[in-house]
Structures are given as C-alpha cells and as structure tokens.
Amino acid sequence: MENIVETEKTGSASVPQTGTGEHMQTAPHADEQEISKKTMGERNIREISKKQMVVKILVQIALYAFLTLIAVSVLFPFYWMLISSLKTWREYNEAVPTFWPRQFEWSNYTAAFTGELNLGRLFLNTLIVGVVSTLLSLIITILSAFAFARLEFKGKNIMFGAMLATMMIPGELFTITNYVTVTAFNWTHTFTALIVPFLVSVFYIYLLRQNFMQIPNELYLAAKVDGTSDWKYLWRVMVPMSAPTLISITILKMMGAWNSYIWPRLVANDAAHKLVTVGLRGATFLVDGMDNMINYPAQMAAVVIVTIPLLLIFIFFRKYIMRGVSRSGIKG
Amino acid sequence: MEMEKTDPALNVTAEGAEVLAAEATGEAEASGKKPALTPEQKKIRWKAFYNKYKAWLYLLPAIIILLVFTVWPIFNTIRLSFLIDYNYQKQIGGKVFEVGFSNYANVIQYTPFLKSLGTTMLLTVITVPISTLLALLIAVALNSIKFFQRIFQTIFFLPYVTNAIAIGMVFMAMFTQIGTPPYVQSYGIINTIIKAFGGKPINWVNQNSNYWANIAVVCIYIIWNALPFKILVLLGGLQSVNKQYYDAAKVDGASRWRTFWHITVPLLSPMIAYVVITGFIGGFKEYSSIVGIFGDKMGPYSADWQLMTIVGYIYRNIEGSNTNQGRASAAALILFAIIFVVTMINLYVSKKKVHY
Amino acid sequence: MKVVLQNLTKIFPSRDKKDKSGEVIAVNDFNLEIPDGKLIGLLGPSGCGKSTTLFMISGLEEPTGGKIFFGDDDVTKLAPENRGIGLVFQNYALYPHMTVQQNILFPLQNLKGENRLSKEEMLKRANEVARLVQIDEYMNRKPSELSGGQQQRVAIARALVKMPRVLLLDEPLSNLDARLRLQTREEIRRIQRNTGITTIFVTHDQEEAMSISDFIVVMKLGVIMQTGKPQWVYDDPANLFVAKFLGTPPINVFTGHVENEKLYIGEEEVLDVKGAADQEVYVGIRPEGFILKQTGKLTCGISGIDVMGRDISIVGTNGSAMTPAIRAIISADELKNAQGTVAKFDLKPHKVFLFNKESEERVWFGSQIEAHAEMVEQMKAEGQYYTTHTGPLPREQDDKPKEDKPVEEKKGFIAKVKAFFSRKKDAQDAQPSEAAEPSEESQETKSEE
C-alpha cells in the first residue's frame, strides 16, 4: 500500500522495468510516442452513426429475406402435397395448376384406405413391427449398455471397440448375406425377418452407455451398501434416470420402422407383412380404366397420411429427436 | 479375434437364459429335482457362476444377434465376393461355384456398374458442397437474427422428419408433366413457375427425359433433404463458439464478410469437416431419394436404371434366382473401399485445414 | 482522449416479460469524467456493474439511458468498430486459429478506404507494437503455445495496434498466477505511460487497482461509491462499504456509539471524537491503527499472534466486533506489552473511521474534518471532482448475504437418486433451450459478472 505514492511519482520519469525480464525494453521511446499521436483522428460522428444504422437495417432485411426464401423452398413441397391431395383429378391435370383447390375432394383420402393401397393393413403391420422391435431393442440395448458402463470384465474395451468399429461398415455390406441367412432360416414373408436382424444398434448402445456413465458412481456404491443387486439397480435406478435417452431411442426406432424401405421390400413384400413405405412406393395409383395415367391427387393423399404422423411426432418430441440426431448422422 | 472373445459367452448360453429369467423375477429358486443337489447348493452354484460371467450374460442377446447379422455377414460377404457368379438359389439347386477374382474384374468392367458409379460420384460431388455451403449460410443467418429464430429453425428441420420415399413422390409430382409430348396437358408446377419467369418448360422426369435433367431433380431433392441435419450441426457449433471472439472481431473492426471467413469458418471447421464427411458417406450410399422420385426401377418411364447408383446396383443383384450375388458382394466391398478411402482423404485434408 | 459518462444506465430486462421484478439494474445513473491520458481502475465486487460499464464504453453493450462522450464526440450510438477503442478481454479472446502475428495484424487488415495501410506498413506497425509489449519473438506461434502472460500481452498488442483513442481492459490479470500478475500489472502501467492512451480497466482486486491506477472508481450495485486517487480513497473512505472493500488485511469493524464527543466501543471509552454528534456508529479501525499499550483503552482477548516478516499481527476478539476475529498490526517493540490473554490498545485517530449506523456514511471528527476538506480542495485543483454516493442503494436487500439453505442430507441411495433428479431438473431448467436467443444468454452472463 505504501509504495503507491512512489510509483505515482516515478512513473513518468523512469519506466519501471519489471516486465518479464526476458529482455530489456527494445522499443525506443520515440516510437511509442509516435503510436500515441497517431490515434484515430476526429471523424464526423453523425455521418458514421447514420451509415451504421442504415447498414444494420439493410443487413437485417437481407437476412430475413434470405431465410424466408429458404423457408418457402423448404415448405413448398409440403404445401404442394397438401393442396394436391385435395384436388380432383381433373383439376390437378389442368394446364395452369391452381394454388388452392376449387373443390375439396376428400375421397382421395378414403381411397387410400380402401383401394389397392389398403393403408389400414399397412399401418397395422408397421405398428406390430415397430412396437415389437422397439421393445426388444430397448431391452437388449439397456442390458448391453449396462454391461459396458458398469460391469468389469476381461476384454471389455476390445469388445466395445470392435462393436464401434462395425458402425463404420456400410449396411449394404450386410444386406446380401442377411438376405441369404433369412432365406435359409425360412423367415421370408414373416415379421421375424423384419424385426430380428435390426434389434441391435451399436449406436444406441453407445449412446445409452454414455448416459449410464454420467450417473454418479456413488449411487452405485450406495446401492451396493444397501444390498441392492445389479439387476435391481439397473431397472430401478439407471433406467429411470436415462429416460430421456430411452425416449429418444424409442422415437428414432419407431420412425425407423415407419420409414424403412429397402429391407422390408426385400424380405416381406407380401400383403400380410408389407410395411407402410413399401406399400406406398409399390402402389401404382392408376386412374381407373386408363393405362399409364397416374392419379396424383390420390397418391398425394396417401403421402400426406404417411407424412402426418411423423410431423406430429416431431412437434411433440422435438427435443428428443434433435438430441439423438445431433449426435449421429443417422436418419430414423 | 472377435470370435474368440465371444466364446465364453457362448458356452454359458444354455444355462444363462434360464437363470437370467429367474433373476428377473427377483428370486433364483431352483426346482431341486436332481437328487445330487439341494436347492441351497444349486443356488450357491448359480451365484458363483453368475458372478463370474455376469457381464457376458448381460451382453448375450446383443452378441448373438451381432454375430449372426453383423459379424458373419462381414466374413461371408467377403467369401461370396470370391465365389464366381454366386447365387443362393442356384447353390440350393446344388450348383458349386468356383473361387476366383473374376467377380471384381467383371464388376469394374461392367458398364452398368461403371455408370452407377459415375452417377453416384456426380450426385455426391454436386450435392455435398452446395448443401454444406447453403447450410452454413443458413446457420449463420439464423444465428444473427433476433426474432422468429425458433420458427425458422423448426421449419428448416421439417425435411428431416419425413419419409424419403414419400416426399420423393411429392417431388416427382412437382416436376412431372402430364401427357406425353407433344400433347402435354399440364407442365407441372415447377415448369409453370419457370414459365412465369420467362423460361422454357423442361422435361425433367418424364419419358425421354434427359439424364442431366434427372440428375438436377435428384440433386435438388437430396439437398432439400440434407439441409436440416447440416443446419442443426452447424448451428449447434455456432452457438457453442465463444461469443467473445465475435465481440473481439467487432472491436477489431472486422466486416461481416471478414468475420465470416476469418472467424466463423475457421472456428467452425471441425463441424464443417464432420458435416462434409458424413455428407460424402451418405452421398455414396444414395438410394432412397432416387427410388422415391423414380420408383424402384431407378429411372424415368421406359428408361429403367438410368439413375442407378452403386447401392442400387447391389440391391438389384440380391433377390431372385437370376441375380449375381457374388458380383453384388464384390460391389459392396468396392463401395466400402471407396467410402473408406474418401473418408481417409477427408480426414487427411481436414487435419491440415481444420483448427481444433 | 477524455471520456465522459453522463447518467449512464443499463437495465437488463426481466426474463419473464410480465414480471418486472426480475429486471436487473446493472449500472445506475453513472456519472464520471475520465481525464485524458490517465489509467483508471473500475473497482468493485462481482456483480457491481463494472464490466457492464466497460462494455458500454466499448460499444458492445448498448446503454438503456445516458450518454458516452469521447472528447466532444457523442459516441453513445456508435458501433464498437467506429469508436476507436482497443479492448482486452478477460480471457483475451485471441483467435485460436491465427498466429500471434495474424492476431495482431487482424485489426489493421480490417481497415478500409483511406485508412487502409500498405502491407509493409501493417507489418511494421505490428512489429512495433509487438516490441512494445515484448512478444516480438513469438510472432509465429499460435496462442495455445503461449503462456498466460504472453497471451495477455498479445491481447494488449492486438488492442493497441490500431492506435485506439481509449484502451479498455476487462479483468486483465484475473487469469494469471500470482507472480505473473505482479509483473504484468507493472507492464500495463509501463505501456500505458509510454503510449499515453487513456486506459480504463476493470478489476475486483483492490490491491491490483490501487497499485497501478491514477485514480480508482469504487462501485457497488451499479452505483459509484467513491472516486479518487487510490491512497486518498484508502485514507479517507466515504462510507462503510469503501472502507471494508479496500485494504488487506481488511478493516476491523465494531459497533459503538458517540456520546458527548467521546467514542464508546462496548462499555469502554476509547477515543475523543471532537465534532461528532451523538449517534450510533460503526467504528472502522485499520489494522495499522492500533497501538498496544498497557494503559490502552480498548480491551481485546488474544486468540493468536501471527509473525509475518517485519509485521506482527495480533488476532483478537472483542464482544462489539462485527467479525469473530479482529486483526491489529503492531511493531515488534510493542509486543512486549501484550500480557497473558488480554491486549489493551490505544487507537490512532486518523486510522479510525466512524460511520452512521443507519446510512453507513462517514462521520468525520477532529483533525479528519480538515484533512478531508483539504483533500477535496486538492482534487478540484487537479481537475478531478470528488464523488461519493449518497442515499439508498438500489436493490439493497440483495446485498445481504444469502442465508445458507440447510441442505437436506439424506442417507440411502434412493434419497440420492431423488437428489440427483432434482439437480438434473434444475440444470435443465437453467439451461436455455436450443433455440433460446443468444443475446438473452449473453446478457445473463454479463449481468452476473
């Protein structure tokens, strides 16, 4: 405290050389004086302020214009799908497309359930596959994630690493053999073929394991002290605590069943087991009595019905979907 | 190596399942029918066994399924790729296949495969840069507005939660023209818009449509579809960039343009690299968008397979008795090799350019 | 460049738009004139609005009310890049992907039009500044390859390179270790003197502020408590807050009362206080204000004696003290006067400060009255003006230390699970959702500083 006054006095006369001590001050004094004199000169403040405001407003306008343009491009297919689905076939085929249906043709929607598409059956099939595979997949994922997160065993790291390594391999590589395997098991045209091969997702195991690892170790030790078995601890503590991740997995898995196309088309393309997307793509939507004329409004109605559940899930579970998505490049 | 590691698990399978169920109900009661062991003894034995192999019991279901549907296919697909012109149906019929490299040789000389390779590369090379740059611009714009940010974000995410096949059909409907030239009834909404701006209608997707017009439609759809994920990742990255760098840039008098190129892009480079790499991988596996638009024959009417991709080629050769699963296996392995090499190149480049 | 702050006010709006009580007055009707070429320290505990003030001067934060002048220019509405300021951030905010040289060159490369320099000139200028802050050897390193002190100097170089009219430093030393802090603060002092740029720096460390500032501004809850030369503020605090905030070891505070121009602490009459009216007071006594004497008037229990180099301090107790321990620094010769467990002190009148118990404002007495008047005169002569805060502070209730909520410590893991859940939920609530406006977030952090 006492030396303040001293510093005060000596300041301008002799520069205290307490720097880093790496080398003596090299800049000549004149140089530094120069710097101080060359400070930004006086300017017309008012003019600068005005220009600054104008630029700011223009930039904001440009940003909103750009974002609006993109938003319109993103939304346009949805809009077109909706209004097309409500048009009559005749109106749809007019030379100048209308941007709002003159007359709402709701029968396009009922046709989707009654016609060749038979959406009701497709929904049922998809629901069965979705629910069963989600449930089984959750159980398997939970058990595996627990083993990797909590239990100690020989070869754990090698095992986990090997599993992660399989994520690098494109799924197409598996499909050929799996098709042969499923045929050999006589599983073609069964729900089993749709469910079993995809029960294990290494990514979900990884995701859940990370979640489990975040649960503080003391909880596990406390459980041990209280005499709780691993099994009980897993289901009573870890699973409830990881609910958000489990919900994410459930949603993504259900969406996966809804959107899956390649595999179901390959192994279960019959009416009794067909899934929604396969049915949708496979249906011809031909206009009665005319060859090669596609009834686009009817097709769009079916597309709307397939799309709406997804959008609803997105609206209600936005947070969970985004959580899962931002950590992976996978879709569905 | 994998097989060895999992062996102990396989040994305990039989007892494991039963006991796991017992444990699930909370009690490991044994029936005690065997005269040699009392229930007590059995319980103790089980406990010892359980404690020793507990982890493997938990992993059992996953391991079995992975072995059958992931590990085995890796080896088997490699094996099949060396069985000349292998087909499962024919194998059942008693045919024996020779071993050799000719599947690979045939695939890379086979014109349809080469064409599908070209199409795949074309789609990737066009869509990845465009969608990445666009997503970057959108993310930056989103990050610098105050109002409606959330609404815009939600809208931009919508394509992600759609069914690729279903919306592909919508794009088809938007681009298609009704009637056969020269007797076109309706040119479709996109052509109508083009005409409104003074352009000429284009035959995008219909009979006799041009390959490049098809590619353009597919690219637009892929970009539309790929944006949400990229925006999400990049926006997340932007929001985690320390705001002080932007404050510092402001004080330093950097223009928006310079801030973007000299601050935002370098600081975001890990995210950009991630988005580009996943974009390349996705691009090389392109399939559903084309099936969505053009149907499972992957081409406009009367020009089937005009837009076949590598994955399309593989799937075309899986099913039925006349297909060549040997060549499909070879193609799948070539695809894997391509993806691997491209990813490595990407990683190498980003190591030099990316600032972590 | 003279900097004038006129009625500067910053209110962070409440998160809940309907409930106005959530709004935070970070800076309240702030008036200050900073003379050209001086180094001033904005000092106060965290949350006192000092950084907000700095950011408003920089233009990164927009004032809710009031004006900012640089010289005669009203710069209140001007964007940071047009103000001609240099700003050194608390974490330096060096661009991690650029080398030291690129970092320093960056502001120059941003200049446009007539201000644009040639490449050679830019390099020359960058080298000049680098030499000034003594980092010219590290021009090709990345910030991550530098020590904290070196990074700090790069940050100063970057701020100086475009020759700002005003240099602003936000807690410039808080990320350095103790030894480096001492070195660097002298460095800052040196650079400031050599360039003569008006410099404002923010700190919560009173020692730091007092050691290098030409004058300091002590703030509390967005209000100026006192301004002046550091030694003056230390010697003549205007209120209890300033007295408590400055000085290590801190001032000892007792409750007492004045009766017939005598000061009583507890039952003991300890000092003549001529000129002070009868009232209840807080008595602040600097540690160096005690004289240990067998005939001393203030009696304290001794709980320990610390010998620290040439100083010896007695740690004692007194029933009227506001803190459990009081500390008196005495000389070695006086120590012999300590007997057993009781110490008796006489007090040095100029080290004893009285504060009215209600307003906590200073009550001058005896020779302090003249000394104070003299000081104020001297400040005026030097072109400074003496400022203190009078009247109640905003949000005074927040000032009181929060009562420690008894944390329920339940045993058993179910309880821990519950605790974990509630904690997690809190964390989630506290976290802004993905789409939360970034501006809102940043305000939050700044108002908390």
# chains A, B, ... in the order shown; residues from 1 in each chain; ligands from 1

$ interface_residues --of "chain B" --to "chain C" --cutoff "8 Å" --atoms "only C-alpha atoms" --output "list of chain:residue names"
B:Asn143, B:Lys146, B:Gln149, B:Arg150, B:Gln153, B:Gln239, B:Lys243, B:Gln244, B:Tyr245, B:Asp247, B:Ala248, B:Ala249, B:Lys250, B:Val251, B:Asp252, B:Gly253, B:Ala254, B:Ser255, B:Arg258, B:Ile263, B:Pro266, B:Leu267, B:His355

$ interface_residues --of "chain C" --to "chain A" --cutoff "6 Å" --atoms "only C-alpha atoms" --output "PyMOL selection string"
chain C and resi 78+131-132+163-165+183+187+195+211+413

$ write_last_selection --atoms "all heavy atoms" --output "short mmCIF file (atom, residue, chain, number, x, y, z; two decimals), in the first residue's frame"
data_model
loop_
_atom_site.label_atom_id
_atom_site.label_comp_id
_atom_site.auth_asym_id
_atom_site.auth_seq_id
_atom_site.Cartn_x
_atom_site.Cartn_y
_atom_site.Cartn_z
N LEU C 78 -22.65 4.73 -31.43
CA LEU C 78 -21.66 4.27 -32.39
C LEU C 78 -21.31 2.81 -32.18
O LEU C 78 -21.18 2.36 -31.04
CB LEU C 78 -20.42 5.14 -32.24
CG LEU C 78 -19.73 5.63 -33.50
CD1 LEU C 78 -20.71 6.26 -34.47
CD2 LEU C 78 -18.63 6.61 -33.15
N ARG C 131 6.96 -5.31 -30.24
CA ARG C 131 8.16 -4.97 -29.47
C ARG C 131 7.78 -4.24 -28.19
O ARG C 131 8.34 -4.47 -27.13
CB ARG C 131 9.08 -4.12 -30.33
CG ARG C 131 10.52 -4.56 -30.20
CD ARG C 131 11.46 -3.99 -31.21
NE ARG C 131 11.12 -2.69 -31.72
CZ ARG C 131 10.94 -2.43 -33.03
NH1 ARG C 131 11.06 -3.39 -33.89
NH2 ARG C 131 10.64 -1.21 -33.42
N LEU C 132 6.81 -3.37 -28.33
CA LEU C 132 6.37 -2.61 -27.17
C LEU C 132 5.92 -3.53 -26.04
O LEU C 132 6.22 -3.30 -24.88
CB LEU C 132 5.23 -1.66 -27.59
CG LEU C 132 4.56 -0.85 -26.50
CD1 LEU C 132 5.52 0.14 -25.89
CD2 LEU C 132 3.36 -0.12 -27.06
N MET C 163 -3.99 1.81 -32.77
CA MET C 163 -3.84 3.08 -32.06
C MET C 163 -5.16 3.63 -31.57
O MET C 163 -5.67 4.64 -32.07
CB MET C 163 -3.15 4.09 -32.98
CG MET C 163 -1.75 3.65 -33.25
SD MET C 163 -1.16 4.40 -34.71
CE MET C 163 0.34 3.49 -34.92
N PRO C 164 -5.70 3.00 -30.60
CA PRO C 164 -7.03 3.40 -30.13
C PRO C 164 -6.96 4.71 -29.37
O PRO C 164 -5.92 5.11 -28.87
CB PRO C 164 -7.42 2.26 -29.20
CG PRO C 164 -6.13 1.70 -28.72
CD PRO C 164 -5.16 1.88 -29.81
N ARG C 165 -8.09 5.35 -29.31
CA ARG C 165 -8.18 6.57 -28.51
C ARG C 165 -8.34 6.21 -27.04
O ARG C 165 -7.94 6.97 -26.17
CB ARG C 165 -9.39 7.39 -28.95
CG ARG C 165 -9.36 7.68 -30.45
CD ARG C 165 -10.32 8.74 -30.82
NE ARG C 165 -11.70 8.25 -30.88
CZ ARG C 165 -12.73 9.02 -31.20
NH1 ARG C 165 -12.55 10.30 -31.44
NH2 ARG C 165 -13.94 8.51 -31.25
N GLN C 183 4.03 -8.91 -12.15
CA GLN C 183 4.83 -8.46 -13.29
C GLN C 183 3.97 -7.75 -14.31
O GLN C 183 4.29 -6.66 -14.77
CB GLN C 183 5.45 -9.68 -13.99
CG GLN C 183 6.70 -10.18 -13.32
CD GLN C 183 7.25 -11.38 -14.08
OE1 GLN C 183 6.73 -11.74 -15.14
NE2 GLN C 183 8.27 -11.98 -13.53
N GLU C 187 3.77 -4.03 -16.15
CA GLU C 187 3.87 -3.95 -17.61
C GLU C 187 2.78 -3.05 -18.18
O GLU C 187 3.03 -2.19 -19.01
CB GLU C 187 3.70 -5.36 -18.16
CG GLU C 187 4.12 -5.52 -19.56
CD GLU C 187 5.54 -6.05 -19.62
OE1 GLU C 187 6.26 -5.97 -18.61
OE2 GLU C 187 5.90 -6.54 -20.66
N THR C 195 2.55 5.14 -23.93
CA THR C 195 1.68 5.49 -25.04
C THR C 195 0.78 6.67 -24.70
O THR C 195 0.33 7.37 -25.59
CB THR C 195 0.78 4.31 -25.43
OG1 THR C 195 0.04 3.92 -24.28
CG2 THR C 195 1.58 3.14 -25.94
N SER C 211 -2.63 -0.39 -6.90
CA SER C 211 -1.21 -0.31 -7.19
C SER C 211 -0.90 0.38 -8.52
O SER C 211 0.16 0.95 -8.67
CB SER C 211 -0.60 -1.70 -7.17
OG SER C 211 -1.20 -2.49 -8.16
N PHE C 413 -29.54 -44.64 -0.89
CA PHE C 413 -29.33 -44.22 -2.27
C PHE C 413 -30.59 -43.74 -2.95
O PHE C 413 -30.54 -42.97 -3.89
CB PHE C 413 -28.62 -45.33 -3.09
CG PHE C 413 -29.54 -46.40 -3.60
CD1 PHE C 413 -30.11 -46.29 -4.85
CD2 PHE C 413 -29.80 -47.49 -2.82
CE1 PHE C 413 -30.93 -47.27 -5.33
CE2 PHE C 413 -30.63 -48.49 -3.30
CZ PHE C 413 -31.20 -48.38 -4.55
#

$ residues_around --residues "Asn203 of chain B" --least-positions-apart "6" --cutoff "10 Å" --atoms "only C-alpha atoms" --output "PyMOL selection string"
chain B and resi 175-177+181+187-188+191+209-210+213-214

$ write_last_selection --atoms "N, CA, C and O atoms" --output "CSV table (one decimal), in the first residue's frame"
chain,number,residue,atom,x,y,z
B,175,PHE,N,-42.4,-32.1,-60.4
B,175,PHE,CA,-41.6,-31.9,-61.6
B,175,PHE,C,-42.3,-32.5,-62.9
B,175,PHE,O,-41.9,-32.2,-64.0
B,176,THR,N,-43.2,-33.5,-62.6
B,176,THR,CA,-43.7,-34.2,-63.7
B,176,THR,C,-44.6,-33.4,-64.6
B,176,THR,O,-45.2,-32.4,-64.2
B,177,GLN,N,-44.7,-33.8,-65.9
B,177,GLN,CA,-45.7,-33.1,-66.7
B,177,GLN,C,-46.7,-34.2,-67.1
B,177,GLN,O,-46.4,-35.4,-67.3
B,181,PRO,N,-45.4,-35.6,-74.6
B,181,PRO,CA,-45.1,-34.6,-75.6
B,181,PRO,C,-45.3,-35.2,-77.0
B,181,PRO,O,-45.1,-36.4,-77.2
B,187,TYR,N,-47.9,-28.9,-67.6
B,187,TYR,CA,-46.4,-29.0,-67.5
B,187,TYR,C,-45.9,-29.2,-66.0
B,187,TYR,O,-44.7,-29.3,-65.8
B,188,GLY,N,-46.9,-29.2,-65.1
B,188,GLY,CA,-46.5,-29.3,-63.7
B,188,GLY,C,-46.1,-28.0,-63.1
B,188,GLY,O,-45.8,-27.0,-63.7
B,191,ASN,N,-42.5,-26.3,-63.8
B,191,ASN,CA,-42.4,-25.8,-65.1
B,191,ASN,C,-43.3,-24.5,-65.2
B,191,ASN,O,-42.9,-23.6,-65.9
B,209,SER,N,-36.9,-38.2,-70.9
B,209,SER,CA,-36.2,-37.0,-70.2
B,209,SER,C,-34.7,-37.3,-70.2
B,209,SER,O,-34.2,-38.4,-70.2
B,210,ASN,N,-34.0,-36.2,-70.2
B,210,ASN,CA,-32.6,-36.1,-70.3
B,210,ASN,C,-32.0,-36.6,-69.0
B,210,ASN,O,-32.5,-36.3,-67.9
B,213,ALA,N,-31.2,-33.7,-66.7
B,213,ALA,CA,-32.4,-33.1,-66.1
B,213,ALA,C,-32.8,-34.0,-64.9
B,213,ALA,O,-33.1,-33.5,-63.8
B,214,ASN,N,-32.7,-35.3,-65.0
B,214,ASN,CA,-33.0,-36.2,-63.9
B,214,ASN,C,-32.1,-35.9,-62.8
B,214,ASN,O,-32.5,-35.8,-61.6

$ interface_residues --of "chain A" --to "chain B" --cutoff "7 Å" --atoms "only C-alpha atoms" --output "PyMOL selection string"
chain A and resi 63+67+71+74+77+81+93-97+140+143-144+147+151+153+169-170+172-174+176-178+180+197+200+259+277+281+296+300+303+307+310-311+314+326+329

$ atom_distance --atom1 "atom CA of Thr53 of chain C" --atom2 "atom CA of Thr199 of chain C"
13.6 Å

$ residues_around --residues "Leu127 of chain A" --least-positions-apart "2" --cutoff "9 Å" --atoms "only C-alpha atoms" --output "PDB file with N, CA and C atoms, in the first residue's frame"
ATOM      1  N   LEU A 122     -51.432 -51.764 -43.801  1.00  0.00           N
ATOM      2  CA  LEU A 122     -50.033 -51.352 -43.755  1.00  0.00           C
ATOM      3  C   LEU A 122     -49.689 -50.750 -42.388  1.00  0.00           C
ATOM      4  N   PHE A 123     -50.642 -49.938 -41.890  1.00  0.00           N
ATOM      5  CA  PHE A 123     -50.418 -49.333 -40.573  1.00  0.00           C
ATOM      6  C   PHE A 123     -50.280 -50.412 -39.519  1.00  0.00           C
ATOM      7  N   LEU A 124     -51.183 -51.381 -39.572  1.00  0.00           N
ATOM      8  CA  LEU A 124     -51.170 -52.437 -38.572  1.00  0.00           C
ATOM      9  C   LEU A 124     -49.832 -53.176 -38.607  1.00  0.00           C
ATOM     10  N   ASN A 125     -49.421 -53.573 -39.825  1.00  0.00           N
ATOM     11  CA  ASN A 125     -48.138 -54.276 -39.959  1.00  0.00           C
ATOM     12  C   ASN A 125     -46.992 -53.455 -39.380  1.00  0.00           C
ATOM     13  N   VAL A 129     -44.525 -54.384 -36.186  1.00  0.00           N
ATOM     14  CA  VAL A 129     -43.061 -54.448 -36.311  1.00  0.00           C
ATOM     15  C   VAL A 129     -42.409 -53.364 -35.447  1.00  0.00           C
ATOM     16  N   GLY A 130     -42.956 -52.149 -35.512  1.00  0.00           N
ATOM     17  CA  GLY A 130     -42.367 -51.035 -34.765  1.00  0.00           C
ATOM     18  C   GLY A 130     -42.362 -51.298 -33.283  1.00  0.00           C
ATOM     19  N   VAL A 131     -43.514 -51.670 -32.737  1.00  0.00           N
ATOM     20  CA  VAL A 131     -43.629 -51.833 -31.285  1.00  0.00           C
ATOM     21  C   VAL A 131     -42.763 -52.992 -30.806  1.00  0.00           C
ATOM     22  N   VAL A 132     -42.883 -54.131 -31.460  1.00  0.00           N
ATOM     23  CA  VAL A 132     -42.117 -55.300 -31.005  1.00  0.00           C
ATOM     24  C   VAL A 132     -40.621 -55.033 -31.115  1.00  0.00           C
ATOM     25  N   MET A 254     -39.036 -46.152 -33.776  1.00  0.00           N
ATOM     26  CA  MET A 254     -40.373 -46.183 -34.371  1.00  0.00           C
ATOM     27  C   MET A 254     -40.360 -45.501 -35.739  1.00  0.00           C
ATOM     28  N   ALA A 257     -38.945 -47.817 -38.292  1.00  0.00           N
ATOM     29  CA  ALA A 257     -39.876 -48.809 -38.814  1.00  0.00           C
ATOM     30  C   ALA A 257     -40.802 -48.168 -39.852  1.00  0.00           C
ATOM     31  N   TRP A 258     -41.227 -46.942 -39.532  1.00  0.00           N
ATOM     32  CA  TRP A 258     -42.146 -46.228 -40.411  1.00  0.00           C
ATOM     33  C   TRP A 258     -41.494 -45.934 -41.763  1.00  0.00           C
ATOM     34  N   LEU A 275     -44.847 -53.248 -45.133  1.00  0.00           N
ATOM     35  CA  LEU A 275     -44.821 -52.053 -44.289  1.00  0.00           C
ATOM     36  C   LEU A 275     -45.257 -50.827 -45.087  1.00  0.00           C
TER      37      LEU A 275
END

$ select_by_dssp --residues "segment 49-287 of chain B" --states "strand (DSSP E or B)" --output "ChimeraX atom specification"
/B:83,99,178,186

$ write_last_selection --atoms "N, CA, C and O atoms" --output "tab-separated table (two decimals), in the first residue's frame"
chain	number	residue	atom	x	y	z
B	83	LEU	N	-16.63	-66.07	-54.79
B	83	LEU	CA	-17.29	-67.20	-55.44
B	83	LEU	C	-17.88	-66.69	-56.75
B	83	LEU	O	-18.79	-65.85	-56.75
B	99	VAL	N	-13.86	-70.54	-57.19
B	99	VAL	CA	-13.28	-69.43	-56.42
B	99	VAL	C	-12.36	-68.65	-57.35
B	99	VAL	O	-11.63	-69.22	-58.14
B	178	ILE	N	-47.93	-33.78	-67.28
B	178	ILE	CA	-48.99	-34.75	-67.55
B	178	ILE	C	-49.30	-34.78	-69.03
B	178	ILE	O	-49.46	-33.74	-69.67
B	186	SER	N	-50.52	-30.74	-68.85
B	186	SER	CA	-50.07	-29.81	-67.81
B	186	SER	C	-48.58	-30.00	-67.64
B	186	SER	O	-48.09	-31.12	-67.60

$ residues_around --residues "segment 223-235 of chain C" --least-positions-apart "6" --cutoff "6 Å" --atoms "only C-alpha atoms" --output "VMD selection string"
chain C and resid 28 210 215 to 217 387 to 389

$ write_last_selection --atoms "N, CA and C atoms" --output "PDB file, in the first residue's frame"
ATOM      1  N   ASN C  28     -26.385   2.195 -12.690  1.00  0.00           N
ATOM      2  CA  ASN C  28     -27.461   3.094 -12.314  1.00  0.00           C
ATOM      3  C   ASN C  28     -26.979   4.546 -12.303  1.00  0.00           C
ATOM      4  N   MET C 210      -5.362  -0.467  -6.781  1.00  0.00           N
ATOM      5  CA  MET C 210      -4.685   0.590  -6.048  1.00  0.00           C
ATOM      6  C   MET C 210      -3.241   0.737  -6.483  1.00  0.00           C
ATOM      7  N   PHE C 215      -6.314   6.969 -10.772  1.00  0.00           N
ATOM      8  CA  PHE C 215      -7.360   7.035  -9.763  1.00  0.00           C
ATOM      9  C   PHE C 215      -8.364   5.913  -9.936  1.00  0.00           C
ATOM     10  N   ILE C 216      -9.077   5.636  -8.882  1.00  0.00           N
ATOM     11  CA  ILE C 216      -9.960   4.487  -8.898  1.00  0.00           C
ATOM     12  C   ILE C 216     -11.406   4.924  -8.724  1.00  0.00           C
ATOM     13  N   VAL C 217     -12.280   4.086  -9.215  1.00  0.00           N
ATOM     14  CA  VAL C 217     -13.719   4.291  -9.066  1.00  0.00           C
ATOM     15  C   VAL C 217     -14.256   3.049  -8.367  1.00  0.00           C
ATOM     16  N   THR C 387     -16.417  12.405  -5.847  1.00  0.00           N
ATOM     17  CA  THR C 387     -17.757  11.833  -5.943  1.00  0.00           C
ATOM     18  C   THR C 387     -17.943  10.799  -4.861  1.00  0.00           C
ATOM     19  N   THR C 388     -19.032  10.866  -4.208  1.00  0.00           N
ATOM     20  CA  THR C 388     -19.404   9.752  -3.347  1.00  0.00           C
ATOM     21  C   THR C 388     -20.878   9.502  -3.552  1.00  0.00           C
ATOM     22  N   HIS C 389     -21.272   8.365  -3.113  1.00  0.00           N
ATOM     23  CA  HIS C 389     -22.689   8.049  -3.245  1.00  0.00           C
ATOM     24  C   HIS C 389     -23.422   8.475  -1.988  1.00  0.00           C
TER      25      HIS C 389
END
